[in-house]
Each structure stands twice: as structure tokens, then as C-alpha cells.
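Here's the structure, in C-alpha cells; my notes come after.
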Amino acid sequence: FARLVLPLFPAASADLSWLGLALGLVTIGAGSLLALVQRDLMKMIAYASMVPMGFALLGLFALNQQSVQGALLLMVGHGVAVAALIFAVAAIAQRANTSEITAYGGLAGKMPWLSAILLIATLSVVFVPGTVGFVGAFLAFVGVFEAAPLLALLAAVGLLAASAAGFALYSKVVLGPLETEAMRRMTDLTVREKLSVAPLALLVVVFGIFPQPLLTVNEASVNRLVAQHEGGAATTTGPLIDTSVFAVEGSTRDAVSQGIHASGVEPGVDLDQ
């Protein structure tokens, strides 16, 4: 949407913005509720990760500066946080040979590195302050609230459900006592795994505290996109090729014509054509 639909079809995007907003709200609600009822670790992560994309969709179709900035930041942050989250969950499932949530518990003492990565990624997915997910969601929420206050409040309710699912997941998997022998045999991340996933967790926190570099990169594009929808065709960018360079001024054409006649050479082409 951000790359093709909104820039290429501004009028249609504005007319059908209600559809994009509705789709974003449905994505948030469905992702939150489905994540709450899952008993499989991988499925819960998959459904919970729908919520940030639903917020991003709301931000894009609210079509104001704050909401679009928030949506773009959400997409960047979501890519980083979910990558770390999937890495951590896959590492746990591989070591335990199961993805059933009921099989886990008490991993904080056995796997401190993996527990920390899982915590940082989960906090970003549920938009806790200090993570890149919070900054994007806050900007998107402010922009959506400006355009459609009721829709923003409904989206916030969906966010609460997603947060409940995320914290329940972390509490069950990481906290509590070691209940099974399989959990007692679990080993923490290797050096190679730490080097692979630690930069992702670091980016989640760094951009959560200092988001300005990402916002600055997108600022010109966002302003142009919003102006295009607010001002119509008058504010859109010009043609890719400036056709004025091909125009021949009347005085230049006349001078060329006089030079040809003065030379006594019969012109073979009518310059006026």
C-alpha cells in the first residue's frame, strides 16, 4: 500500500480509505483474539504479529502526517522485533522438540540470554514504551485518533487483548518453576546464536529510545504523500521528463529559418511542423 497504492492511486485511496481502516481494525481484532486461544507457541506468535500490521494499515489509511510516519516506523520495527521473536521461539521449540505452550516453564534460570531476547521482542510487539514498536504505534494512534476517534479506541481494545496474550506467553514459558525433565536439560544460546540475534534486540531498544533517524529518513516522502492526498493533483510531483526542454522558442525557430534562406539552400523540412 505505502509503496504502490497510495502514491499511484491517490484519489481511489482517499475514496476507499474507510475500507483500509476497516481492514486494519479487523486485522487487529482477529489477531488478538486468535492469539489468546492458541496453545501452540508458533501459532500464537504468528497471530500476535498480525496486530502491529493492523495498526500500520490504520495509520496508512488515516492519511495524515503522524499516522503515516507511525505506520512506516511500525513496519520497520515489526520486521526487526518479529525476527528476534521468531528466532527465540524457534530456538526454544528446537531444544524442547515441541511447540506446545503447556510443555514449557521456568526457562529464565536455564536460558537467561534467550529469555532476555524473548522479553525484548515481546515488549516491542505489544508496544511497551522504550521499544521501537511503541514509538510507531503511538504515532499511528495519534494520527488515527485525529481522523477517526472511535476507530482508534476500538483498536486500543484490540491492543489490550494482544498484550494479554504476549505477557501470558512470556509468563508461561519463562517464569515459574522448572516442571519437566526436558526443561531441566535445556541449554542457553550458543555464541553464534547470540551474535546472530543480539543485534536485532539491540536495534529494538536503540530505535525505541532514539527513533529520530528513522523518522528523518521518511519525513520528505511522508510529507509529499500526505500533501498529494490533501491537495490533489496540484501538489503531486511533476512528470518524470520535463517536456519543456523539447520546445523550440519562436525566436530561435525564426533565426534558424532566416539563416537557411540566406544561405540559398532550399529547406527540405517545414520548421513550423
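Chain labels A, B, ... are given in the sequence in which chains occur in the C-alpha cells; within each chain residues are numbered consecutively from 1, and ligands are likewise numbered from 1 in the order shown.
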
Residues near range 84-90 of chain A, cut-off 9 Å, only C-alpha atoms, skip fewer than 2 positions along chain, as a PyMOL selection string: chain A and resi 41-42+45-46+79-82+92-95+99+114-115+117-122+125+197-198+200-201

Any chance you could export the current selection's N, CA and C atoms as a PDB file, in the first residue's frame?
```pdb
ATOM      1  N   LEU A  41       2.945 -22.582  20.519  1.00  0.00           N
ATOM      2  CA  LEU A  41       3.808 -21.411  20.633  1.00  0.00           C
ATOM      3  C   LEU A  41       3.976 -20.693  19.303  1.00  0.00           C
ATOM      4  N   MET A  42       4.233 -21.423  18.235  1.00  0.00           N
ATOM      5  CA  MET A  42       4.463 -20.811  16.939  1.00  0.00           C
ATOM      6  C   MET A  42       3.195 -20.136  16.417  1.00  0.00           C
ATOM      7  N   ILE A  45       2.574 -16.780  18.192  1.00  0.00           N
ATOM      8  CA  ILE A  45       3.434 -15.723  17.691  1.00  0.00           C
ATOM      9  C   ILE A  45       2.931 -15.218  16.335  1.00  0.00           C
ATOM     10  N   ALA A  46       2.502 -16.144  15.495  1.00  0.00           N
ATOM     11  CA  ALA A  46       2.026 -15.763  14.165  1.00  0.00           C
ATOM     12  C   ALA A  46       0.806 -14.857  14.256  1.00  0.00           C
ATOM     13  N   GLY A  79       9.505  -5.666  11.568  1.00  0.00           N
ATOM     14  CA  GLY A  79      10.429  -6.582  10.906  1.00  0.00           C
ATOM     15  C   GLY A  79      11.583  -6.979  11.803  1.00  0.00           C
ATOM     16  N   VAL A  80      12.087  -6.020  12.568  1.00  0.00           N
ATOM     17  CA  VAL A  80      13.213  -6.317  13.464  1.00  0.00           C
ATOM     18  C   VAL A  80      12.762  -7.140  14.671  1.00  0.00           C
ATOM     19  N   ALA A  81      11.673  -6.702  15.320  1.00  0.00           N
ATOM     20  CA  ALA A  81      11.230  -7.366  16.551  1.00  0.00           C
ATOM     21  C   ALA A  81      10.717  -8.777  16.292  1.00  0.00           C
ATOM     22  N   VAL A  82       9.943  -8.949  15.239  1.00  0.00           N
ATOM     23  CA  VAL A  82       9.398 -10.279  14.957  1.00  0.00           C
ATOM     24  C   VAL A  82      10.501 -11.242  14.525  1.00  0.00           C
ATOM     25  N   ILE A  92      13.723 -22.253  21.224  1.00  0.00           N
ATOM     26  CA  ILE A  92      13.092 -22.978  22.334  1.00  0.00           C
ATOM     27  C   ILE A  92      12.439 -24.262  21.826  1.00  0.00           C
ATOM     28  N   ALA A  93      11.673 -24.152  20.733  1.00  0.00           N
ATOM     29  CA  ALA A  93      10.962 -25.312  20.203  1.00  0.00           C
ATOM     30  C   ALA A  93      11.933 -26.394  19.729  1.00  0.00           C
ATOM     31  N   GLN A  94      13.047 -25.969  19.151  1.00  0.00           N
ATOM     32  CA  GLN A  94      14.031 -26.945  18.668  1.00  0.00           C
ATOM     33  C   GLN A  94      14.662 -27.711  19.828  1.00  0.00           C
ATOM     34  N   ARG A  95      14.967 -27.012  20.897  1.00  0.00           N
ATOM     35  CA  ARG A  95      15.590 -27.661  22.045  1.00  0.00           C
ATOM     36  C   ARG A  95      14.614 -28.567  22.803  1.00  0.00           C
ATOM     37  N   SER A  99       6.278 -27.593  20.406  1.00  0.00           N
ATOM     38  CA  SER A  99       5.881 -26.183  20.429  1.00  0.00           C
ATOM     39  C   SER A  99       4.636 -25.963  21.283  1.00  0.00           C
ATOM     40  N   LEU A 114      18.400 -16.259  26.137  1.00  0.00           N
ATOM     41  CA  LEU A 114      17.216 -16.431  25.306  1.00  0.00           C
ATOM     42  C   LEU A 114      15.995 -15.786  25.957  1.00  0.00           C
ATOM     43  N   SER A 115      15.902 -15.852  27.276  1.00  0.00           N
ATOM     44  CA  SER A 115      14.776 -15.219  27.982  1.00  0.00           C
ATOM     45  C   SER A 115      14.793 -13.708  27.787  1.00  0.00           C
ATOM     46  N   ILE A 117      16.154 -12.050  25.211  1.00  0.00           N
ATOM     47  CA  ILE A 117      15.787 -11.759  23.820  1.00  0.00           C
ATOM     48  C   ILE A 117      14.284 -11.875  23.638  1.00  0.00           C
ATOM     49  N   LEU A 118      13.703 -12.921  24.194  1.00  0.00           N
ATOM     50  CA  LEU A 118      12.259 -13.120  24.082  1.00  0.00           C
ATOM     51  C   LEU A 118      11.488 -11.992  24.753  1.00  0.00           C
ATOM     52  N   LEU A 119      11.990 -11.515  25.870  1.00  0.00           N
ATOM     53  CA  LEU A 119      11.321 -10.415  26.578  1.00  0.00           C
ATOM     54  C   LEU A 119      11.342  -9.137  25.751  1.00  0.00           C
ATOM     55  N   ILE A 120      12.509  -8.765  25.221  1.00  0.00           N
ATOM     56  CA  ILE A 120      12.631  -7.529  24.444  1.00  0.00           C
ATOM     57  C   ILE A 120      11.736  -7.575  23.210  1.00  0.00           C
ATOM     58  N   ALA A 121      11.747  -8.706  22.509  1.00  0.00           N
ATOM     59  CA  ALA A 121      10.929  -8.821  21.309  1.00  0.00           C
ATOM     60  C   ALA A 121       9.446  -8.781  21.638  1.00  0.00           C
ATOM     61  N   THR A 122       9.044  -9.447  22.714  1.00  0.00           N
ATOM     62  CA  THR A 122       7.629  -9.454  23.115  1.00  0.00           C
ATOM     63  C   THR A 122       7.172  -8.061  23.508  1.00  0.00           C
ATOM     64  N   VAL A 125       6.495  -6.064  20.366  1.00  0.00           N
ATOM     65  CA  VAL A 125       5.295  -6.482  19.634  1.00  0.00           C
ATOM     66  C   VAL A 125       4.032  -5.971  20.304  1.00  0.00           C
ATOM     67  N   VAL A 197      21.364 -12.925  16.933  1.00  0.00           N
ATOM     68  CA  VAL A 197      20.110 -12.309  17.368  1.00  0.00           C
ATOM     69  C   VAL A 197      20.308 -11.068  18.236  1.00  0.00           C
ATOM     70  N   ALA A 198      21.472 -10.934  18.874  1.00  0.00           N
ATOM     71  CA  ALA A 198      21.692  -9.777  19.754  1.00  0.00           C
ATOM     72  C   ALA A 198      21.562  -8.441  19.015  1.00  0.00           C
ATOM     73  N   LEU A 200      19.581  -7.651  16.638  1.00  0.00           N
ATOM     74  CA  LEU A 200      18.154  -7.366  16.445  1.00  0.00           C
ATOM     75  C   LEU A 200      17.543  -6.805  17.725  1.00  0.00           C
ATOM     76  N   ALA A 201      17.846  -7.436  18.844  1.00  0.00           N
ATOM     77  CA  ALA A 201      17.329  -6.941  20.124  1.00  0.00           C
ATOM     78  C   ALA A 201      17.859  -5.552  20.437  1.00  0.00           C
TER      79      ALA A 201
END
```

Considering only helix (DSSP H, G or I) as DSSP defines it on the backbone, what residues of range 142-193 of chain A qualify? List them as a ChimeraX atom specification. /A:142-147,149-174,181-184,191-193

Could you save the residues just selected, with N, CA, C and O atoms, as a compact mmCIF listing (two decimals), in the first residue's frame?
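Written file, selection06.txt:
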```txt
# COMPACT_ATOMS: atom_id res chain seq x y z
N VAL A 142 -2.10 8.35 17.42
CA VAL A 142 -2.41 9.79 17.43
C VAL A 142 -3.02 10.22 16.10
O VAL A 142 -4.01 10.95 16.04
N GLY A 143 -2.42 9.76 15.00
CA GLY A 143 -2.95 10.12 13.69
C GLY A 143 -4.31 9.54 13.43
O GLY A 143 -5.20 10.21 12.88
N VAL A 144 -4.53 8.29 13.81
CA VAL A 144 -5.84 7.65 13.61
C VAL A 144 -6.88 8.32 14.50
O VAL A 144 -8.03 8.52 14.08
N PHE A 145 -6.52 8.66 15.73
CA PHE A 145 -7.46 9.32 16.63
C PHE A 145 -7.89 10.67 16.07
O PHE A 145 -9.05 11.09 16.24
N GLU A 146 -6.97 11.36 15.41
CA GLU A 146 -7.31 12.63 14.78
C GLU A 146 -8.31 12.44 13.64
O GLU A 146 -9.21 13.27 13.45
N ALA A 147 -8.18 11.34 12.91
CA ALA A 147 -9.07 11.10 11.76
C ALA A 147 -10.36 10.40 12.16
O ALA A 147 -11.43 10.73 11.63
N PRO A 149 -11.74 9.04 15.88
CA PRO A 149 -11.51 8.74 17.30
C PRO A 149 -12.10 7.39 17.74
O PRO A 149 -11.45 6.65 18.48
N LEU A 150 -13.30 7.07 17.30
CA LEU A 150 -13.92 5.82 17.72
C LEU A 150 -13.13 4.62 17.23
O LEU A 150 -12.93 3.64 17.97
N LEU A 151 -12.65 4.70 16.01
CA LEU A 151 -11.86 3.61 15.45
C LEU A 151 -10.56 3.42 16.24
O LEU A 151 -10.12 2.29 16.47
N ALA A 152 -9.94 4.52 16.64
CA ALA A 152 -8.72 4.43 17.43
C ALA A 152 -8.96 3.76 18.77
O ALA A 152 -8.14 2.95 19.23
N LEU A 153 -10.09 4.06 19.41
CA LEU A 153 -10.41 3.44 20.70
C LEU A 153 -10.67 1.95 20.55
O LEU A 153 -10.26 1.15 21.39
N LEU A 154 -11.35 1.57 19.49
CA LEU A 154 -11.58 0.14 19.24
C LEU A 154 -10.26 -0.59 18.99
O LEU A 154 -10.08 -1.73 19.45
N ALA A 155 -9.36 0.05 18.28
CA ALA A 155 -8.05 -0.56 18.04
C ALA A 155 -7.28 -0.72 19.35
O ALA A 155 -6.56 -1.70 19.53
N ALA A 156 -7.43 0.24 20.26
CA ALA A 156 -6.75 0.15 21.55
C ALA A 156 -7.26 -1.04 22.35
O ALA A 156 -6.49 -1.70 23.07
N VAL A 157 -8.56 -1.33 22.25
CA VAL A 157 -9.11 -2.51 22.94
C VAL A 157 -8.47 -3.79 22.39
O VAL A 157 -8.10 -4.70 23.14
N GLY A 158 -8.33 -3.85 21.07
CA GLY A 158 -7.66 -5.00 20.48
C GLY A 158 -6.22 -5.12 20.93
O GLY A 158 -5.70 -6.23 21.14
N LEU A 159 -5.56 -3.98 21.11
CA LEU A 159 -4.17 -3.99 21.58
C LEU A 159 -4.08 -4.57 22.98
O LEU A 159 -3.13 -5.30 23.31
N LEU A 160 -5.07 -4.29 23.83
CA LEU A 160 -5.06 -4.84 25.19
C LEU A 160 -5.13 -6.37 25.16
O LEU A 160 -4.45 -7.05 25.93
N ALA A 161 -5.94 -6.90 24.25
CA ALA A 161 -6.04 -8.35 24.13
C ALA A 161 -4.72 -8.94 23.65
O ALA A 161 -4.27 -9.99 24.15
N ALA A 162 -4.08 -8.28 22.69
CA ALA A 162 -2.78 -8.77 22.20
C ALA A 162 -1.73 -8.70 23.31
O ALA A 162 -0.88 -9.60 23.43
N SER A 163 -1.77 -7.65 24.12
CA SER A 163 -0.82 -7.53 25.22
C SER A 163 -1.02 -8.65 26.24
O SER A 163 -0.04 -9.21 26.76
N ALA A 164 -2.29 -8.97 26.51
CA ALA A 164 -2.57 -10.07 27.43
C ALA A 164 -2.00 -11.38 26.92
O ALA A 164 -1.40 -12.16 27.68
N ALA A 165 -2.13 -11.62 25.61
CA ALA A 165 -1.59 -12.85 25.02
C ALA A 165 -0.07 -12.87 25.11
O ALA A 165 0.53 -13.89 25.44
N GLY A 166 0.57 -11.73 24.83
CA GLY A 166 2.03 -11.67 24.86
C GLY A 166 2.59 -11.90 26.26
O GLY A 166 3.54 -12.67 26.44
N PHE A 167 2.00 -11.23 27.24
CA PHE A 167 2.50 -11.40 28.61
C PHE A 167 2.19 -12.79 29.16
O PHE A 167 2.97 -13.34 29.94
N ALA A 168 1.05 -13.35 28.77
CA ALA A 168 0.73 -14.73 29.20
C ALA A 168 1.73 -15.72 28.62
O ALA A 168 2.17 -16.65 29.30
N LEU A 169 2.11 -15.48 27.36
CA LEU A 169 3.11 -16.33 26.72
C LEU A 169 4.43 -16.28 27.48
O LEU A 169 5.01 -17.32 27.82
N TYR A 170 4.91 -15.09 27.74
CA TYR A 170 6.20 -14.95 28.41
C TYR A 170 6.15 -15.54 29.82
O TYR A 170 7.09 -16.20 30.26
N SER A 171 5.06 -15.28 30.52
CA SER A 171 4.94 -15.78 31.89
C SER A 171 4.97 -17.30 31.92
O SER A 171 5.64 -17.91 32.77
N LYS A 172 4.26 -17.92 31.00
CA LYS A 172 4.18 -19.37 31.00
C LYS A 172 5.50 -20.01 30.57
O LYS A 172 5.94 -21.01 31.16
N VAL A 173 6.16 -19.45 29.57
CA VAL A 173 7.36 -20.08 29.02
C VAL A 173 8.59 -19.81 29.87
O VAL A 173 9.42 -20.71 30.08
N VAL A 174 8.73 -18.60 30.38
CA VAL A 174 9.99 -18.19 31.01
C VAL A 174 9.94 -18.22 32.53
O VAL A 174 10.91 -18.64 33.18
N GLU A 181 11.49 -32.67 33.12
CA GLU A 181 12.88 -33.03 32.94
C GLU A 181 13.44 -32.43 31.65
O GLU A 181 14.62 -32.06 31.57
N ALA A 182 12.58 -32.33 30.63
CA ALA A 182 13.02 -31.75 29.36
C ALA A 182 13.45 -30.30 29.54
O ALA A 182 14.42 -29.84 28.93
N MET A 183 12.75 -29.54 30.37
CA MET A 183 13.12 -28.16 30.62
C MET A 183 14.44 -28.06 31.39
O MET A 183 15.21 -27.13 31.20
N ARG A 184 14.71 -29.04 32.24
CA ARG A 184 15.96 -29.01 33.01
C ARG A 184 17.17 -29.29 32.12
O ARG A 184 18.30 -28.91 32.46
N VAL A 191 27.30 -19.16 21.20
CA VAL A 191 27.93 -17.89 20.83
C VAL A 191 27.47 -17.44 19.45
O VAL A 191 27.18 -16.26 19.23
N ARG A 192 27.38 -18.35 18.51
CA ARG A 192 26.93 -18.00 17.17
C ARG A 192 25.50 -17.49 17.18
O ARG A 192 25.16 -16.51 16.50
N GLU A 193 24.64 -18.12 17.97
CA GLU A 193 23.25 -17.67 18.07
C GLU A 193 23.15 -16.30 18.73
O GLU A 193 22.35 -15.46 18.32
```

Hey, which bits of range 98-165 of chain A sit within 12 Å of range 73-78 of chain A, and for each residue what's the closest pair of atoms and how far apart in Å (one decimal), counting only C-alpha atoms, rows by chain and increasing number, as CSV?
```
residue,atom,partner,partner_atom,distance
A:Ala121,CA,A:His78,CA,9.3
A:Thr122,CA,A:His78,CA,10.8
A:Leu123,CA,A:His78,CA,11.4
A:Ser124,CA,A:His78,CA,7.9
A:Val125,CA,A:His78,CA,7.0
A:Val126,CA,A:His78,CA,10.4
A:Phe127,CA,A:Leu74,CA,9.7
A:Thr131,CA,A:Gly77,CA,8.6
A:Val132,CA,A:Gly77,CA,5.5
A:Gly133,CA,A:Gly77,CA,5.7
A:Phe134,CA,A:Leu74,CA,8.4
A:Val135,CA,A:Leu73,CA,7.6
A:Gly136,CA,A:Leu74,CA,4.6
A:Ala137,CA,A:Leu74,CA,6.5
A:Phe138,CA,A:Leu74,CA,9.6
A:Leu139,CA,A:Leu73,CA,8.8
A:Ala140,CA,A:Leu74,CA,8.4
A:Phe141,CA,A:Leu74,CA,11.2
```

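Remark: for Lys110 in chain A, the closest of the candidate residues A:Met186, A:Leu72, A:Ala148, A:Ala14 is A:Met186 (distances computed over only C-alpha atoms).
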
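Pairwise distance (CA of Ala116 in chain A, CA of Ile28 in chain A) equals 26.1 Å.
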
Could you check the closest approach to Asn218 in chain A for each of A:Gln66, A:Thr180, A:Ser49, A:Ser196 and tell me which residue wins, using only C-alpha atoms? A:Gln66

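Using only C-alpha atoms, the nearest neighbour of Ala12 in chain A within the list A:Gln212, A:Leu203, A:Ser32, A:His229 is A:His229.
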